[in-house]
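S.K.: Sharing coords_6.pdb below, PDB, C-alpha atoms:
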```
ATOM      1  CA  MET A   1      -0.975   3.783  12.894
ATOM      2  CA  ALA A   2      -3.851   3.003  10.529
ATOM      3  CA  GLY A   3      -6.604   0.605  11.544
ATOM      4  CA  LEU A   4      -7.382  -2.348   9.292
ATOM      5  CA  ILE A   5     -10.084  -0.543   7.296
ATOM      6  CA  GLU A   6      -7.829   2.417   6.567
ATOM      7  CA  ALA A   7      -4.833   0.142   5.909
ATOM      8  CA  THR A   8      -6.781  -1.804   3.235
ATOM      9  CA  ASP A   9      -8.222   1.265   1.491
ATOM     10  CA  LEU A  10      -8.495   0.844  -2.285
ATOM     11  CA  THR A  11      -8.148   3.435  -5.036
ATOM     12  CA  PRO A  12      -9.712   2.692  -8.445
ATOM     13  CA  GLN A  13      -7.009   2.116 -11.066
ATOM     14  CA  GLY A  14      -7.905   1.034 -14.595
ATOM     15  CA  ASP A  15      -9.971  -2.166 -14.341
ATOM     16  CA  GLY A  16      -8.758  -2.806 -10.795
ATOM     17  CA  PHE A  17      -7.413  -0.950  -7.795
ATOM     18  CA  SER A  18      -4.255   0.181  -6.093
ATOM     19  CA  ALA A  19      -3.489   0.021  -2.387
ATOM     20  CA  GLN A  20      -0.689   1.030  -0.061
ATOM     21  CA  LEU A  21       0.799  -1.706   2.123
ATOM     22  CA  ASP A  22       1.197  -0.113   5.535
ATOM     23  CA  PRO A  23       4.483  -0.974   7.327
ATOM     24  CA  ALA A  24       2.554  -1.067  10.628
ATOM     25  CA  TRP A  25       1.086  -4.397   9.431
ATOM     26  CA  GLU A  26       4.501  -5.972   8.793
ATOM     27  CA  ILE A  27       6.057  -8.942  10.613
ATOM     28  CA  TRP A  28       8.619 -10.671   8.330
ATOM     29  CA  GLY A  29       7.163  -8.518   5.559
ATOM     30  CA  PRO A  30       3.553  -7.378   5.187
ATOM     31  CA  ALA A  31       1.591 -10.004   7.146
ATOM     32  CA  GLY A  32       0.050 -12.697   4.952
ATOM     33  CA  GLY A  33      -3.374 -12.275   6.505
ATOM     34  CA  TYR A  34      -3.161  -8.546   5.800
ATOM     35  CA  LEU A  35      -2.687  -9.315   2.095
ATOM     36  CA  ALA A  36      -5.641 -11.723   2.239
ATOM     37  CA  ALA A  37      -7.755  -8.983   3.818
ATOM     38  CA  ILE A  38      -7.011  -6.686   0.884
ATOM     39  CA  THR A  39      -8.211  -9.313  -1.600
ATOM     40  CA  LEU A  40     -11.458  -9.748   0.340
ATOM     41  CA  ARG A  41     -11.981  -6.008   0.322
ATOM     42  CA  ALA A  42     -11.417  -5.917  -3.434
ATOM     43  CA  VAL A  43     -14.062  -8.612  -3.980
ATOM     44  CA  ARG A  44     -16.419  -6.631  -1.758
ATOM     45  CA  GLU A  45     -16.179  -3.829  -4.312
ATOM     46  CA  ARG A  46     -17.023  -6.171  -7.203
ATOM     47  CA  ALA A  47     -19.498  -8.668  -5.748
ATOM     48  CA  ALA A  48     -23.212  -8.463  -6.446
ATOM     49  CA  ALA A  49     -25.557  -7.091  -3.791
ATOM     50  CA  GLU A  50     -26.398  -9.416  -0.892
ATOM     51  CA  HIS A  51     -23.455 -11.732  -1.671
ATOM     52  CA  ARG A  52     -21.209 -12.759   1.212
ATOM     53  CA  PRO A  53     -17.728 -14.327   1.186
ATOM     54  CA  VAL A  54     -17.657 -18.062   1.878
ATOM     55  CA  THR A  55     -14.197 -19.352   0.888
ATOM     56  CA  LEU A  56     -10.747 -17.871   0.361
ATOM     57  CA  THR A  57      -7.843 -19.899  -1.020
ATOM     58  CA  GLY A  58      -4.617 -17.987  -1.481
ATOM     59  CA  GLN A  59      -0.979 -18.531  -2.430
ATOM     60  CA  PHE A  60       1.888 -16.335  -1.265
ATOM     61  CA  VAL A  61       4.011 -16.081  -4.388
ATOM     62  CA  ARG A  62       6.708 -13.630  -3.272
ATOM     63  CA  VAL A  63       7.543 -11.608  -0.190
ATOM     64  CA  ALA A  64       5.723  -8.311  -0.492
ATOM     65  CA  ARG A  65       7.184  -5.006   0.678
ATOM     66  CA  PRO A  66       5.523  -1.935   2.165
ATOM     67  CA  GLY A  67       4.329   0.543  -0.448
ATOM     68  CA  ALA A  68       2.158   0.495  -3.520
ATOM     69  CA  VAL A  69       0.468  -2.708  -4.692
ATOM     70  CA  ASP A  70      -1.694  -3.274  -7.759
ATOM     71  CA  VAL A  71      -4.946  -5.182  -7.196
ATOM     72  CA  ALA A  72      -6.518  -7.033 -10.146
ATOM     73  CA  VAL A  73      -9.949  -8.648  -9.770
ATOM     74  CA  GLN A  74     -11.105 -11.155 -12.385
ATOM     75  CA  PRO A  75     -14.597 -12.714 -12.239
ATOM     76  CA  VAL A  76     -14.402 -16.402 -13.124
ATOM     77  CA  LYS A  77     -18.047 -17.328 -12.543
ATOM     78  CA  GLN A  78     -21.019 -15.145 -11.715
ATOM     79  CA  GLY A  79     -24.525 -15.935 -10.532
ATOM     80  CA  ALA A  80     -26.057 -16.982  -7.216
ATOM     81  CA  SER A  81     -22.582 -18.262  -6.314
ATOM     82  CA  ALA A  82     -19.647 -16.386  -7.782
ATOM     83  CA  LEU A  83     -15.896 -16.974  -8.024
ATOM     84  CA  TYR A  84     -13.244 -14.277  -8.303
ATOM     85  CA  THR A  85      -9.491 -14.405  -8.785
ATOM     86  CA  VAL A  86      -7.606 -11.559  -7.154
ATOM     87  CA  THR A  87      -3.920 -10.861  -7.772
ATOM     88  CA  LEU A  88      -1.779  -8.449  -5.765
ATOM     89  CA  SER A  89       1.314  -7.351  -7.712
ATOM     90  CA  GLN A  90       4.343  -5.155  -7.158
ATOM     91  CA  SER A  91       6.601  -4.041 -10.011
ATOM     92  CA  GLY A  92       4.621  -6.275 -12.364
ATOM     93  CA  GLU A  93       5.253  -9.445 -10.306
ATOM     94  CA  PRO A  94       2.490 -11.204  -8.322
ATOM     95  CA  VAL A  95       3.025 -11.352  -4.561
ATOM     96  CA  PHE A  96      -0.307 -12.931  -3.575
ATOM     97  CA  GLN A  97      -3.028 -14.677  -5.567
ATOM     98  CA  ALA A  98      -6.432 -15.622  -4.157
ATOM     99  CA  GLN A  99      -9.567 -17.378  -5.299
ATOM    100  CA  ILE A 100     -12.641 -16.175  -3.420
ATOM    101  CA  TRP A 101     -16.133 -17.651  -3.563
ATOM    102  CA  THR A 102     -19.165 -15.554  -2.666
ATOM    103  CA  THR A 103     -22.807 -16.567  -2.560
ATOM    104  CA  VAL A 104     -26.298 -15.230  -2.061
ATOM    105  CA  ARG A 105     -27.780 -18.690  -1.515
ATOM    106  CA  ARG A 106     -29.312 -19.541   1.854
ATOM    107  CA  ASP A 107     -31.001 -22.880   1.213
ATOM    108  CA  PRO A 108     -31.842 -24.628   4.494
ATOM    109  CA  ALA A 109     -29.667 -27.446   5.818
ATOM    110  CA  ILE A 110     -29.821 -29.713   8.840
ATOM    111  CA  PRO A 111     -27.860 -27.674  11.395
ATOM    112  CA  VAL A 112     -24.585 -29.055  12.722
ATOM    113  CA  ALA A 113     -22.563 -26.751  14.966
ATOM    114  CA  PRO A 114     -19.255 -27.310  16.777
ATOM    115  CA  THR A 115     -18.983 -26.680  20.502
ATOM    116  CA  ALA A 116     -17.023 -23.601  21.479
ATOM    117  CA  PRO A 117     -13.985 -24.085  23.732
ATOM    118  CA  ASP A 118     -14.662 -23.721  27.439
ATOM    119  CA  VAL A 119     -12.212 -20.900  28.204
ATOM    120  CA  PRO A 120     -12.239 -17.816  30.450
ATOM    121  CA  ALA A 121     -13.788 -14.626  29.108
ATOM    122  CA  HIS A 122     -11.477 -11.911  27.787
ATOM    123  CA  ASP A 123     -12.372  -9.625  30.715
ATOM    124  CA  ASP A 124     -10.904 -12.200  33.108
ATOM    125  CA  LEU A 125      -7.495 -12.433  31.415
ATOM    126  CA  PRO A 126      -4.350 -10.260  31.502
ATOM    127  CA  ASP A 127      -3.124  -8.376  28.471
ATOM    128  CA  HIS A 128      -0.380  -9.905  26.289
ATOM    129  CA  ARG A 129       1.794  -6.806  26.832
ATOM    130  CA  ASP A 130       1.694  -7.157  30.600
ATOM    131  CA  LEU A 131       2.592 -10.855  30.432
ATOM    132  CA  LEU A 132       5.623 -10.141  28.253
ATOM    133  CA  ALA A 133       6.690  -7.170  30.365
ATOM    134  CA  GLU A 134       6.658  -9.354  33.508
ATOM    135  CA  ARG A 135       9.189 -11.649  31.827
ATOM    136  CA  GLY A 136      11.259  -8.858  30.278
ATOM    137  CA  LEU A 137      10.383 -10.026  26.766
ATOM    138  CA  PRO A 138      10.013  -7.711  23.738
ATOM    139  CA  LEU A 139       6.793  -7.211  21.791
ATOM    140  CA  HIS A 140       6.842  -6.858  18.008
ATOM    141  CA  SER A 141       5.379  -3.558  16.793
ATOM    142  CA  PHE A 142       2.799  -5.478  14.700
ATOM    143  CA  TRP A 143       0.913  -6.154  17.936
ATOM    144  CA  ASP A 144       0.175  -2.437  18.289
ATOM    145  CA  ASN A 145      -2.674  -3.187  15.862
ATOM    146  CA  LEU A 146      -4.303  -5.650  18.265
ATOM    147  CA  GLU A 147      -5.263  -6.105  21.867
ATOM    148  CA  SER A 148      -4.419  -9.692  22.775
ATOM    149  CA  ARG A 149      -5.405 -11.667  25.871
ATOM    150  CA  PRO A 150      -3.975 -15.204  25.845
ATOM    151  CA  VAL A 151      -5.888 -17.953  27.609
ATOM    152  CA  ASN A 152      -2.849 -20.219  28.008
ATOM    153  CA  PHE A 153       0.185 -17.966  27.612
ATOM    154  CA  ARG A 154       3.610 -19.526  27.836
ATOM    155  CA  ALA A 155       7.156 -18.396  27.147
ATOM    156  CA  PHE A 156       9.907 -20.840  26.225
ATOM    157  CA  SER A 157      11.122 -20.885  29.824
ATOM    158  CA  ASP A 158       7.665 -22.011  31.001
ATOM    159  CA  PRO A 159       6.642 -25.676  31.317
ATOM    160  CA  PRO A 160       4.899 -27.239  28.292
ATOM    161  CA  ALA A 161       1.318 -26.125  27.895
ATOM    162  CA  GLN A 162      -1.365 -28.442  29.238
ATOM    163  CA  SER A 163      -3.427 -27.954  26.088
ATOM    164  CA  SER A 164      -2.000 -28.475  22.601
ATOM    165  CA  HIS A 165      -4.325 -25.739  21.344
ATOM    166  CA  GLN A 166      -3.364 -22.105  21.765
ATOM    167  CA  TYR A 167      -6.350 -19.964  22.722
ATOM    168  CA  ARG A 168      -6.236 -16.191  22.534
ATOM    169  CA  TRP A 169      -8.874 -13.480  22.633
ATOM    170  CA  MET A 170      -8.145 -10.597  20.274
ATOM    171  CA  ARG A 171      -9.688  -7.336  19.200
ATOM    172  CA  PHE A 172      -8.558  -4.855  16.561
ATOM    173  CA  VAL A 173      -7.480  -1.455  17.845
ATOM    174  CA  ASP A 174      -9.356   1.490  16.297
ATOM    175  CA  TRP A 175     -12.037  -0.833  14.856
ATOM    176  CA  ASP A 176     -15.006   1.347  13.903
ATOM    177  CA  ALA A 177     -16.271  -0.422  10.780
ATOM    178  CA  PRO A 178     -20.021  -0.914  10.333
ATOM    179  CA  PRO A 179     -21.404  -4.479  10.409
ATOM    180  CA  ASP A 180     -20.354  -6.083   7.132
ATOM    181  CA  PRO A 181     -19.651  -9.761   6.271
ATOM    182  CA  TYR A 182     -16.589  -8.821   4.199
ATOM    183  CA  TYR A 183     -15.071  -6.739   6.988
ATOM    184  CA  ASP A 184     -15.617  -9.564   9.484
ATOM    185  CA  ALA A 185     -14.110 -12.034   6.986
ATOM    186  CA  MET A 186     -11.075  -9.750   6.662
ATOM    187  CA  ARG A 187     -10.526  -9.899  10.421
ATOM    188  CA  SER A 188     -10.891 -13.683  10.569
ATOM    189  CA  ALA A 189      -8.558 -14.271   7.607
ATOM    190  CA  LEU A 190      -5.869 -12.047   9.099
ATOM    191  CA  LEU A 191      -6.056 -13.686  12.528
ATOM    192  CA  ILE A 192      -6.091 -17.229  11.132
ATOM    193  CA  ASP A 193      -2.911 -16.636   9.147
ATOM    194  CA  LEU A 194      -1.376 -14.891  12.160
ATOM    195  CA  ALA A 195      -2.038 -17.811  14.566
ATOM    196  CA  ILE A 196      -0.337 -20.675  12.690
ATOM    197  CA  TRP A 197       3.227 -19.774  13.688
ATOM    198  CA  PRO A 198       2.380 -19.048  17.368
ATOM    199  CA  GLY A 199       0.444 -22.317  17.391
ATOM    200  CA  HIS A 200       3.723 -24.034  16.483
ATOM    201  CA  TRP A 201       5.884 -22.456  19.159
ATOM    202  CA  HIS A 202       3.107 -23.044  21.670
ATOM    203  CA  ARG A 203       3.858 -26.774  21.252
ATOM    204  CA  ILE A 204       7.663 -26.746  21.174
ATOM    205  CA  THR A 205       9.894 -26.606  24.255
ATOM    206  CA  GLU A 206      12.973 -24.870  22.863
ATOM    207  CA  ARG A 207      13.478 -21.645  20.972
ATOM    208  CA  ALA A 208      13.099 -22.128  17.224
ATOM    209  CA  GLY A 209      16.102 -20.947  15.213
ATOM    210  CA  TYR A 210      14.046 -20.427  12.083
ATOM    211  CA  LEU A 211      11.201 -18.462  10.577
ATOM    212  CA  ALA A 212       8.120 -19.882   8.856
ATOM    213  CA  PRO A 213       6.678 -17.624   6.134
ATOM    214  CA  SER A 214       3.316 -18.709   4.744
ATOM    215  CA  LEU A 215       3.062 -20.615   1.475
ATOM    216  CA  ASP A 216      -0.718 -20.667   1.328
ATOM    217  CA  LEU A 217      -3.885 -19.919   3.269
ATOM    218  CA  THR A 218      -7.383 -21.403   3.078
ATOM    219  CA  VAL A 219     -10.317 -20.007   5.048
ATOM    220  CA  TYR A 220     -13.957 -21.119   5.215
ATOM    221  CA  PHE A 221     -16.345 -18.454   6.491
ATOM    222  CA  HIS A 222     -19.294 -19.949   8.374
ATOM    223  CA  SER A 223     -21.428 -17.007   9.431
ATOM    224  CA  ASP A 224     -22.301 -13.570   8.137
ATOM    225  CA  GLU A 225     -23.912 -12.491  11.406
ATOM    226  CA  GLU A 226     -22.068  -9.660  13.124
ATOM    227  CA  ALA A 227     -18.972 -11.156  14.743
ATOM    228  CA  GLY A 228     -18.614  -8.688  17.588
ATOM    229  CA  GLU A 229     -15.573  -6.814  18.869
ATOM    230  CA  TRP A 230     -13.664  -9.674  20.544
ATOM    231  CA  LEU A 231     -12.713 -12.827  18.619
ATOM    232  CA  LEU A 232     -11.303 -16.067  20.056
ATOM    233  CA  SER A 233      -8.482 -17.701  18.105
ATOM    234  CA  ASP A 234      -8.244 -21.497  18.563
ATOM    235  CA  ALA A 235      -4.972 -22.627  16.952
ATOM    236  CA  ASP A 236      -3.297 -26.012  16.678
ATOM    237  CA  SER A 237      -0.153 -26.329  14.565
ATOM    238  CA  ASP A 238       0.343 -30.049  14.984
ATOM    239  CA  VAL A 239       2.649 -31.017  12.084
ATOM    240  CA  ALA A 240       6.219 -29.831  11.515
ATOM    241  CA  GLY A 241       9.241 -31.373   9.816
ATOM    242  CA  GLU A 242      11.024 -31.774   6.502
ATOM    243  CA  GLY A 243      11.216 -28.011   6.110
ATOM    244  CA  LEU A 244       7.471 -27.411   6.540
ATOM    245  CA  LEU A 245       4.904 -26.783   9.240
ATOM    246  CA  SER A 246       1.137 -26.546   9.082
ATOM    247  CA  GLY A 247      -1.678 -25.564  11.371
ATOM    248  CA  ARG A 248      -5.411 -25.238  11.728
ATOM    249  CA  VAL A 249      -7.224 -22.310  13.292
ATOM    250  CA  ARG A 250     -10.860 -21.644  14.145
ATOM    251  CA  MET A 251     -12.275 -18.257  15.049
ATOM    252  CA  TRP A 252     -15.108 -17.978  17.583
ATOM    253  CA  SER A 253     -17.410 -15.173  18.662
ATOM    254  CA  VAL A 254     -17.996 -14.216  22.293
ATOM    255  CA  ASP A 255     -21.388 -15.946  22.148
ATOM    256  CA  GLY A 256     -19.835 -19.234  20.988
ATOM    257  CA  ARG A 257     -20.475 -19.149  17.228
ATOM    258  CA  ALA A 258     -17.913 -20.640  14.857
ATOM    259  CA  LEU A 259     -17.047 -17.710  12.577
ATOM    260  CA  ALA A 260     -14.377 -19.200  10.318
ATOM    261  CA  THR A 261     -12.028 -22.166  10.016
ATOM    262  CA  GLY A 262      -8.713 -22.040   8.214
ATOM    263  CA  SER A 263      -5.395 -23.722   7.635
ATOM    264  CA  GLY A 264      -2.047 -22.902   6.148
ATOM    265  CA  HIS A 265       1.274 -24.431   5.147
ATOM    266  CA  CYS A 266       4.491 -22.601   6.057
ATOM    267  CA  LEU A 267       8.020 -22.983   4.722
ATOM    268  CA  ILE A 268      10.711 -23.232   7.383
ATOM    269  CA  VAL A 269      13.566 -20.846   6.612
ATOM    270  CA  VAL A 270      16.777 -20.604   8.663
ATOM    271  CA  PRO A 271      18.224 -17.061   8.544
ATOM    272  CA  LYS A 272      21.653 -16.895   6.907
ATOM    273  CA  GLU A 273      23.311 -15.637  10.099
ATOM    274  CA  GLN A 274      22.137 -18.779  11.950
ATOM    275  CA  ARG A 275      23.187 -21.384   9.340
TER     276      ARG A 275
END
```
Take the structure from the file and write it as C-alpha cells.
M.R.:
Amino acid sequence: MAGLIEATDLTPQGDGFSAQLDPAWEIWGPAGGYLAAITLRAVRERAAAEHRPVTLTGQFVRVARPGAVDVAVQPVKQGASALYTVTLSQSGEPVFQAQIWTTVRRDPAIPVAPTAPDVPAHDDLPDHRDLLAERGLPLHSFWDNLESRPVNFRAFSDPPAQSSHQYRWMRFVDWDAPPDPYYDAMRSALLIDLAIWPGHWHRITERAGYLAPSLDLTVYFHSDEEAGEWLLSDADSDVAGEGLLSGRVRMWSVDGRALATGSGHCLIVVPKEQR
C-alpha cells in the first residue's frame, strides 16, 4: 500500500505530467479527494516560490479507473495571486477538472477565528476498526490508508446521534512528508470529500439503498502553518432529496486551528440490482 505522497507521485510528460491512480485509494472508483490531491500536487510543481494554495474548485466529470492518468496544468493568471486549471484525463477524456488559486500575499486583516468543537482528544477514543469489529461489521479496504477515531460513532442499529455533526479524528498511515502547505492541503481536500457521504448516513436512521458519487468539490484553505499528524473532521450533510445530497466539512488541527472548509454536491445513484 502506497502512502498519499507516493500515490500522488508525478512523472513529467510533455507540458504536463502523468500519474498512476492507485487502487488502494478506491471506494466506488478512485476517491474524489484523491483526484483533488493530485491536482494540488501538480500545481505545487508549477507555482511560484512562496505561493500557497488557497482555493480549490473541482468538477468530477467521469468515473476514473485505477491506472494511468494524464495531468495537464494551464496557468490562467500569474502574479502575487495566481490561478491554474488542472485537468486529469484518461484515454483522452477528462475525469476531473479543477481551478486552484494560489497566493503569496499576506496583507494584514482584522482576525476572526471560529471556535473549535469541544470534543475528546484522539488518544481518548477507540479505533474505527475496533468499533466495527465489535458489531461484526466490515471495513472497506480504503480505510487501510487511514487511522480513524470517531467521536460520535454510530451504526444503523444505534439510536440517532445526539449531534447532527459527525466528528472524527484521522491520521494518514505512513505519512512522512516534510512540512509543506500543498501536502497539508492535499490531506484536507481528500478528507473533506471523504466526509460528505458519512455525514449523510450519520443523520439517517435506516440503511441507504443508494450510492452518492461526488459531482463537485470546493475547498478553502485557511492556514499554511504545519497542520500536524492528527486532523479533526467536522462534517454536516444536512440536505438530501430530489436525487442529490450536499454537505459541509471543516478540518481542524489538534491545537484548535481551522485548517480548511469545504463543501460538495453528490448525485444519488441506485445500483441496478436494487432498482
S.K.: Given the PyMOL selection byres ((chain A and resi 176) around 10) and the file above, list the residues it selects as a count of residues only.
M.R.: 11
S.K.: Identify the residues around (-2.8, -10.2, 25.2) within a radius of 6 Å, measuring from all atoms listed in the file in the coordinates stated by the file, and give them as a list in words.
M.R.: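 The residues that fall inside the cut-off are Asp127, His128, Arg129, Glu147, Ser148, Arg149 and Pro150 of chain A.
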S.K.: Only C-alpha atoms, please: the residues just picked out, written as a tab-separated table (two decimals), in the frame of the given file.
M.R.:
```
chain	number	residue	atom	x	y	z
A	127	ASP	CA	-3.12	-8.38	28.47
A	128	HIS	CA	-0.38	-9.90	26.29
A	129	ARG	CA	1.79	-6.81	26.83
A	147	GLU	CA	-5.26	-6.10	21.87
A	148	SER	CA	-4.42	-9.69	22.78
A	149	ARG	CA	-5.40	-11.67	25.87
A	150	PRO	CA	-3.98	-15.20	25.84
```
S.K.: Could you list, as a ChimeraX atom specification, every residue matched by the PyMOL selection byres ((chain A and resi 199) around 8) in this structure?
M.R.: /A:165-166,195-198,200-203,235-237,247
S.K.: Find the residues of range 115-222 of chain A that sit at most 7 Å from range 17-33 of chain A; for each, write down the nearest two atoms and how far apart they are in Å, to one decimal. Count only C-alpha atoms. Sort by chain, then by number going up, and give it as CSV.
M.R.:
```
residue,atom,partner,partner_atom,distance
A:Phe142,CA,A:Trp25,CA,5.6
A:Ala189,CA,A:Gly33,CA,5.7
A:Leu190,CA,A:Gly33,CA,3.6
A:Leu191,CA,A:Gly33,CA,6.7
A:Asp193,CA,A:Gly33,CA,5.1
A:Leu194,CA,A:Gly33,CA,6.5
A:Ser214,CA,A:Gly32,CA,6.8
```
S.K.: Could you check the closest approach to Pro213 in chain A for each of A:Gly243, A:Pro181, A:Pro75, A:Pro138 and tell me which residue wins, using only C-alpha atoms?
M.R.: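 Among A:Gly243, A:Pro181, A:Pro75, A:Pro138, it is A:Gly243 that comes nearest to Pro213 in chain A.
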S.K.: List the spatial neighbours of Ala42 in chain A as a PyMOL selection string - criterion: any atom at most 12 Å away, only C-alpha atoms, same-chain residues fewer than 4 positions off excluded.
M.R.: chain A and resi 8-13+15-19+35-38+46-47+53+70-75+84-88+98-100+182-183+186
S.K.: Go ahead and write the selection's residues with C-alpha atoms as a PDB file, in the frame of the given file.
M.R.:
```
ATOM      1  CA  THR A   8      -6.781  -1.804   3.235  1.00  0.00           C
ATOM      2  CA  ASP A   9      -8.222   1.265   1.491  1.00  0.00           C
ATOM      3  CA  LEU A  10      -8.495   0.844  -2.285  1.00  0.00           C
ATOM      4  CA  THR A  11      -8.148   3.435  -5.036  1.00  0.00           C
ATOM      5  CA  PRO A  12      -9.712   2.692  -8.445  1.00  0.00           C
ATOM      6  CA  GLN A  13      -7.009   2.116 -11.066  1.00  0.00           C
ATOM      7  CA  ASP A  15      -9.971  -2.166 -14.341  1.00  0.00           C
ATOM      8  CA  GLY A  16      -8.758  -2.806 -10.795  1.00  0.00           C
ATOM      9  CA  PHE A  17      -7.413  -0.950  -7.795  1.00  0.00           C
ATOM     10  CA  SER A  18      -4.255   0.181  -6.093  1.00  0.00           C
ATOM     11  CA  ALA A  19      -3.489   0.021  -2.387  1.00  0.00           C
ATOM     12  CA  LEU A  35      -2.687  -9.315   2.095  1.00  0.00           C
ATOM     13  CA  ALA A  36      -5.641 -11.723   2.239  1.00  0.00           C
ATOM     14  CA  ALA A  37      -7.755  -8.983   3.818  1.00  0.00           C
ATOM     15  CA  ILE A  38      -7.011  -6.686   0.884  1.00  0.00           C
ATOM     16  CA  ARG A  46     -17.023  -6.171  -7.203  1.00  0.00           C
ATOM     17  CA  ALA A  47     -19.498  -8.668  -5.748  1.00  0.00           C
ATOM     18  CA  PRO A  53     -17.728 -14.327   1.186  1.00  0.00           C
ATOM     19  CA  ASP A  70      -1.694  -3.274  -7.759  1.00  0.00           C
ATOM     20  CA  VAL A  71      -4.946  -5.182  -7.196  1.00  0.00           C
ATOM     21  CA  ALA A  72      -6.518  -7.033 -10.146  1.00  0.00           C
ATOM     22  CA  VAL A  73      -9.949  -8.648  -9.770  1.00  0.00           C
ATOM     23  CA  GLN A  74     -11.105 -11.155 -12.385  1.00  0.00           C
ATOM     24  CA  PRO A  75     -14.597 -12.714 -12.239  1.00  0.00           C
ATOM     25  CA  TYR A  84     -13.244 -14.277  -8.303  1.00  0.00           C
ATOM     26  CA  THR A  85      -9.491 -14.405  -8.785  1.00  0.00           C
ATOM     27  CA  VAL A  86      -7.606 -11.559  -7.154  1.00  0.00           C
ATOM     28  CA  THR A  87      -3.920 -10.861  -7.772  1.00  0.00           C
ATOM     29  CA  LEU A  88      -1.779  -8.449  -5.765  1.00  0.00           C
ATOM     30  CA  ALA A  98      -6.432 -15.622  -4.157  1.00  0.00           C
ATOM     31  CA  GLN A  99      -9.567 -17.378  -5.299  1.00  0.00           C
ATOM     32  CA  ILE A 100     -12.641 -16.175  -3.420  1.00  0.00           C
ATOM     33  CA  TYR A 182     -16.589  -8.821   4.199  1.00  0.00           C
ATOM     34  CA  TYR A 183     -15.071  -6.739   6.988  1.00  0.00           C
ATOM     35  CA  MET A 186     -11.075  -9.750   6.662  1.00  0.00           C
TER      36      MET A 186
END
```
S.K.: Select range 51-56 of chain A in the preceding structure and write all heavy atoms to a file as a PDB file, in the first residue's frame.
M.R.:
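As written to disk, decode_28.pdb reads:
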```pdb
ATOM      1  N   HIS A  51       4.425  30.719  -2.894  1.00  0.00           N
ATOM      2  CA  HIS A  51       2.974  30.661  -3.042  1.00  0.00           C
ATOM      3  C   HIS A  51       2.427  29.507  -2.210  1.00  0.00           C
ATOM      4  O   HIS A  51       3.096  28.502  -1.978  1.00  0.00           O
ATOM      5  CB  HIS A  51       2.591  30.468  -4.514  1.00  0.00           C
ATOM      6  CG  HIS A  51       2.444  31.752  -5.249  1.00  0.00           C
ATOM      7  ND1 HIS A  51       1.274  32.112  -5.890  1.00  0.00           N
ATOM      8  CD2 HIS A  51       3.314  32.768  -5.442  1.00  0.00           C
ATOM      9  CE1 HIS A  51       1.431  33.289  -6.466  1.00  0.00           C
ATOM     10  NE2 HIS A  51       2.670  33.709  -6.214  1.00  0.00           N
ATOM     11  N   ARG A  52       1.166  29.647  -1.804  1.00  0.00           N
ATOM     12  CA  ARG A  52       0.468  28.604  -1.069  1.00  0.00           C
ATOM     13  C   ARG A  52      -0.920  28.443  -1.679  1.00  0.00           C
ATOM     14  O   ARG A  52      -1.477  29.398  -2.228  1.00  0.00           O
ATOM     15  CB  ARG A  52       0.359  28.970   0.408  1.00  0.00           C
ATOM     16  CG  ARG A  52      -0.508  30.181   0.693  1.00  0.00           C
ATOM     17  CD  ARG A  52      -0.387  30.630   2.146  1.00  0.00           C
ATOM     18  NE  ARG A  52      -1.362  31.659   2.498  1.00  0.00           N
ATOM     19  CZ  ARG A  52      -1.234  32.947   2.241  1.00  0.00           C
ATOM     20  NH1 ARG A  52      -0.150  33.394   1.616  1.00  0.00           N
ATOM     21  NH2 ARG A  52      -2.174  33.812   2.613  1.00  0.00           N
ATOM     22  N   PRO A  53      -1.506  27.257  -1.601  1.00  0.00           N
ATOM     23  CA  PRO A  53      -2.858  27.072  -2.149  1.00  0.00           C
ATOM     24  C   PRO A  53      -3.888  27.714  -1.241  1.00  0.00           C
ATOM     25  O   PRO A  53      -3.784  27.627  -0.008  1.00  0.00           O
ATOM     26  CB  PRO A  53      -3.015  25.551  -2.191  1.00  0.00           C
ATOM     27  CG  PRO A  53      -2.133  25.062  -1.084  1.00  0.00           C
ATOM     28  CD  PRO A  53      -0.963  26.008  -1.031  1.00  0.00           C
ATOM     29  N   VAL A  54      -4.893  28.358  -1.834  1.00  0.00           N
ATOM     30  CA  VAL A  54      -5.938  28.992  -1.023  1.00  0.00           C
ATOM     31  C   VAL A  54      -7.346  28.535  -1.389  1.00  0.00           C
ATOM     32  O   VAL A  54      -8.239  28.554  -0.535  1.00  0.00           O
ATOM     33  CB  VAL A  54      -5.845  30.532  -1.076  1.00  0.00           C
ATOM     34  CG1 VAL A  54      -4.607  31.006  -0.335  1.00  0.00           C
ATOM     35  CG2 VAL A  54      -5.842  31.059  -2.497  1.00  0.00           C
ATOM     36  N   THR A  55      -7.580  28.133  -2.624  1.00  0.00           N
ATOM     37  CA  THR A  55      -8.915  27.669  -3.022  1.00  0.00           C
ATOM     38  C   THR A  55      -8.787  26.589  -4.078  1.00  0.00           C
ATOM     39  O   THR A  55      -7.973  26.709  -5.006  1.00  0.00           O
ATOM     40  CB  THR A  55      -9.766  28.810  -3.612  1.00  0.00           C
ATOM     41  OG1 THR A  55      -9.867  29.873  -2.685  1.00  0.00           O
ATOM     42  CG2 THR A  55     -11.172  28.323  -3.951  1.00  0.00           C
ATOM     43  N   LEU A  56      -9.597  25.551  -3.934  1.00  0.00           N
ATOM     44  CA  LEU A  56      -9.752  24.528  -4.973  1.00  0.00           C
ATOM     45  C   LEU A  56     -11.232  24.390  -5.290  1.00  0.00           C
ATOM     46  O   LEU A  56     -12.045  24.236  -4.378  1.00  0.00           O
ATOM     47  CB  LEU A  56      -9.184  23.182  -4.518  1.00  0.00           C
ATOM     48  CG  LEU A  56      -9.349  22.004  -5.491  1.00  0.00           C
ATOM     49  CD1 LEU A  56      -8.166  21.043  -5.377  1.00  0.00           C
ATOM     50  CD2 LEU A  56     -10.653  21.220  -5.261  1.00  0.00           C
TER      51      LEU A  56
END
```
